[in-house]
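The block underneath contains the structure these notes are about, expressed in structure tokens.
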Amino acid sequence: MDEPLVRWDWIARNWDNGGPTSVKVLLENHIVMAFVPVIAGLLIAIPLGLACARYRWLYQPTVGIMNVVYSLPSLALFSILLSVTGLTQTTVIIPLTLFSLAVLIPAVVDGMQSVPDHVRQSAVAMGFQPMRRLTRVELPIAVPVVLAGLRVAAVSSISLVSVGALIGQGGLGYLFIDGWQRQFYTPIVVGIVLVVALALVADLVIIVAQRLLTPWSRRRA
Amino acid sequence: MITFDGVTKRYADGTVAVDDLSLEVPDGAITVFVGPSGCGKTTSLRMINRMIDPTGGRILLDGKDVTAVDPATLRRGIGYVIQQAGLFPHRRIVDNIATVPFLLGWDKKKARARAMELLERVGLDPKMARRYPYQLSGGQQQRVGVARALAADPPVLLMDEPFSAVDPIVRTSLQEELLRLQSELHKTIVFVTHDIDEAVKLGDTVAVLRVGGKLAQVAAPADLLSDPADDFVREFLGRDRGIRRLGFVPAKNLALDPAPEGVTPEGHGTFNPARDSLRAALDAALLSPDGLAVAVDDDGRVLGVVGEAALVGAARG
């Protein structure tokens, strides 16, 4: 086969051809379907994680349920949801949100446990009321650990979106199916490069955010 | 004044941490709670600022039952220093010190100015203000802890084993710093420690507690060393009680003999009768080959000498 691995003219023609499967549109969809679950997951994980940190008996059952959810194949969840939410991005976003919770809830709990006992007690002794202690002392100290979890959640979410291509909502995942069906490698290479680049950029953004948010932390990423 | 009136803390599992404690903590002085682990000393301390509430009896702060005061309000009026300092790792030193002023709603500028003043007061370089706690040594962190407790100028200071996590040399300097600060500030201090030497060094009054939260003895350090109430206190005080007690007897009443010809501070142990204790004088005699302790004044001039026999006589009182 004298076909080149990458045909640049294909990329030029398909980057922004106005159709629903132009690379640019797929990339945009990919970003939405990868990041909405992580943001939603974080918003859900914070209260749930705080509850688990506060009421220890909640923690093991919650982690257990989350691990079972995490073990379910994403494709199975997409198929189940198809009957409810149809062939939409929501069908991908909901399972990925659940997956991100499996990482983010333990991250929030670990973050709260990373607050040293003498720090918490001195906050009480200084006269912080519980809510203020949480928002001004405990949560800020938990940030490095939560962000470490967020990095894992973001990267795995970016990677998992591709599976959605099997139900027609996979962002860049479409390129893999397309290339495989036609035995044409250029879309596959483009898809891989963009997914990896997206993951690297997301990771970098979180690392920079951590440096800016926690100049006090010795645990530099 | 803080009054413990028949205070008991009994936990749900039946453990008694503090058992019918009655005690008065005088104003403007350091009262030390000392005892082995499990004696309820920390629990007793924490009942003062309601980090723990008693299950029986009352604690009065200036005549008012502390359980009648909102905990957060009460705590903002009581300084607290904890073991390992408990500094907030995410806040700069200046803002750590200004914690309580911020909570009390002080103007930011005023709170920070107050923090800077305290930073110097506890013997730290003002350059440290912009640093984060992890950039300071353990001893420096503990000084910041003391500055933070003093920030809103509370009349009462609670200190929970504040110096036990630092090495002995740093501990000694922190203890001396506390005594120096106290001589300027005259706070009502309750200090918890398991170290009896620290207790007799710092305390104007020492309360010895035994396991099970019972008060064994309350006394001034010198009286504690000379007259322990029972075997438990005697054993807890440890060896060398007789010698250690001399550390509380001033040397200024010693009768000095004129210095014999040729006796100089060189080659002799010396003491300063104006500020040293009988213990220092006895130590000076033991260090001199001829058994004479040489008394010198602030400028190093020889005032006279005291012999070993006279020192032992004075020590017996």
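Identifiers in the structure tokens: chain A, B, ... in order shown; residue index from 1 per chain; ligand index from 1 in order shown.
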May I have the residues within 12 Å of B:Ala68 as a PDB file with N, CA and C atoms, in the first residue's frame, using only C-alpha atoms and disregarding those fewer than 3 positions away in the same chain?
```pdb
ATOM      1  N   ASN B  49     -13.061  27.356  76.912  1.00  0.00           N
ATOM      2  CA  ASN B  49     -13.578  28.061  75.732  1.00  0.00           C
ATOM      3  C   ASN B  49     -14.634  27.241  74.981  1.00  0.00           C
ATOM      4  N   ARG B  50     -15.206  26.265  75.671  1.00  0.00           N
ATOM      5  CA  ARG B  50     -16.339  25.483  75.173  1.00  0.00           C
ATOM      6  C   ARG B  50     -16.036  24.638  73.943  1.00  0.00           C
ATOM      7  N   ASP B  53     -17.940  20.759  76.295  1.00  0.00           N
ATOM      8  CA  ASP B  53     -18.823  21.235  77.360  1.00  0.00           C
ATOM      9  C   ASP B  53     -18.828  20.236  78.511  1.00  0.00           C
ATOM     10  N   ARG B  58     -19.839  23.870  86.869  1.00  0.00           N
ATOM     11  CA  ARG B  58     -19.848  25.091  86.048  1.00  0.00           C
ATOM     12  C   ARG B  58     -18.440  25.646  85.941  1.00  0.00           C
ATOM     13  N   ILE B  59     -18.197  26.345  84.840  1.00  0.00           N
ATOM     14  CA  ILE B  59     -16.967  27.125  84.729  1.00  0.00           C
ATOM     15  C   ILE B  59     -17.369  28.584  84.603  1.00  0.00           C
ATOM     16  N   LEU B  60     -16.859  29.401  85.501  1.00  0.00           N
ATOM     17  CA  LEU B  60     -17.209  30.816  85.482  1.00  0.00           C
ATOM     18  C   LEU B  60     -16.027  31.625  84.982  1.00  0.00           C
ATOM     19  N   LEU B  61     -16.316  32.516  84.036  1.00  0.00           N
ATOM     20  CA  LEU B  61     -15.297  33.445  83.557  1.00  0.00           C
ATOM     21  C   LEU B  61     -15.758  34.820  84.018  1.00  0.00           C
ATOM     22  N   GLY B  63     -17.146  35.471  86.750  1.00  0.00           N
ATOM     23  CA  GLY B  63     -18.429  35.307  87.407  1.00  0.00           C
ATOM     24  C   GLY B  63     -19.563  34.846  86.521  1.00  0.00           C
ATOM     25  N   LYS B  64     -19.286  34.703  85.199  1.00  0.00           N
ATOM     26  CA  LYS B  64     -20.368  34.336  84.285  1.00  0.00           C
ATOM     27  C   LYS B  64     -20.152  32.922  83.760  1.00  0.00           C
ATOM     28  N   ASP B  65     -21.202  32.092  83.817  1.00  0.00           N
ATOM     29  CA  ASP B  65     -21.105  30.716  83.342  1.00  0.00           C
ATOM     30  C   ASP B  65     -20.803  30.715  81.832  1.00  0.00           C
ATOM     31  N   PRO B  71     -20.606  30.125  71.754  1.00  0.00           N
ATOM     32  CA  PRO B  71     -19.224  29.621  71.694  1.00  0.00           C
ATOM     33  C   PRO B  71     -18.281  30.484  70.851  1.00  0.00           C
ATOM     34  N   ALA B  72     -18.728  30.870  69.641  1.00  0.00           N
ATOM     35  CA  ALA B  72     -17.824  31.626  68.759  1.00  0.00           C
ATOM     36  C   ALA B  72     -17.454  32.967  69.395  1.00  0.00           C
ATOM     37  N   THR B  73     -18.443  33.637  69.981  1.00  0.00           N
ATOM     38  CA  THR B  73     -18.189  34.925  70.638  1.00  0.00           C
ATOM     39  C   THR B  73     -17.224  34.750  71.802  1.00  0.00           C
ATOM     40  N   LEU B  74     -17.473  33.709  72.597  1.00  0.00           N
ATOM     41  CA  LEU B  74     -16.616  33.418  73.743  1.00  0.00           C
ATOM     42  C   LEU B  74     -15.172  33.198  73.294  1.00  0.00           C
TER      43      LEU B  74
END
```
Test item: chain A residues at most 6 Å from chain B, counting only C-alpha atoms, as a CSV table (one decimal) with C-alpha atoms, in the first residue's frame:
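So out_9.csv came out as:
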```csv
chain,number,residue,atom,x,y,z
A,118,HIS,CA,-4.5,21.0,64.8
A,119,VAL,CA,-5.4,23.4,62.0
A,122,SER,CA,-7.3,26.0,66.0
A,125,ALA,CA,-10.7,27.8,69.0
A,126,MET,CA,-10.2,31.2,67.1
A,127,GLY,CA,-14.0,31.4,67.0
A,216,TRP,CA,1.2,28.2,49.8
```
Check: Which residues come within 10 Å of A:Leu81, counting only C-alpha atoms, excluding same-chain residues fewer than 3 positions away, as a VMD selection string?
Finding: chain A and resid 75 to 78 84 to 88 90 to 92 94 to 95
Item checked: Every residue of stretch 184-270 of chain B that DSSP places in alpha helix (DSSP H), as a PyMOL selection string -> chain B and resi 184-185+196-202+221-226+231-237+241-246
Note to self: Just want the 9 Å neighbourhood of A:Pro37, counted on only C-alpha atoms, with same-chain residues fewer than 2 positions away dropped. Output as a PyMOL selection string.
What the structure shows: chain A and resi 32-35+39-42+92-100+154+157
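Distances from A:Leu27, A:Leu212, A:Val137, A:Val143 to A:Leu198 were compared using only C-alpha atoms, and the smallest one belongs to A:Leu27.
Every protein, DNA or RNA residue with an atom at most 12 Å from B:Gly56, where only C-alpha atoms count and chain neighbours fewer than 6 positions away do not, is listed here: Phe4, Asp5, Gly6, Val7, Thr8, Lys9, Arg10, Tyr11, Val16, Ala17, Val18, Asp19, Asp20, Leu21, Ser22, Met47 and Thr67 of chain B.
Candidate residues B:Asn253, B:Thr205, B:Gln141, B:Thr264 were compared for distance to B:Val166, and the nearest is B:Gln141, using only C-alpha atoms.
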Notebook entry, point to check: What lies within 7 Å of stretch 185-187 of chain A using only C-alpha atoms, ignoring chain neighbours under 6 positions off, as a list of chain:residue names?
Noted result: A:Leu5, A:Val6, A:Arg7, A:Leu175, A:Phe176, A:Gly179
Margin query: Quick check for you: according to DSSP on this backbone, which residues of stretch 92-280 of chain B are classed as strand (DSSP E)? Reply as JSON, numbers by chain.
Written below: {"B": [156, 157, 158, 159, 160, 188, 189, 190, 191, 192, 193, 205, 206, 207, 208, 209, 210, 214, 215, 216, 217, 218, 219, 270, 271]}
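Residues in contact range of stretch 226-234 of chain B, defined as at most 10 Å between only C-alpha atoms, with sequence neighbours fewer than 3 positions away removed, read Gly35, Val208, Leu209, Arg210, Ala216, Gln217, Val218, Ala219, Pro221, Ala222, Asp223, Leu237, Gly238, Arg239, Arg241, Gly242, Arg244, Arg245 and Leu246 of chain B.
As for atom CA of B:Val190 and atom CA of B:Gln175, they are spaced 14.1 Å apart.
Between atom CA of A:Ile188 and atom CA of A:Ser74 the separation is 20.9 Å.
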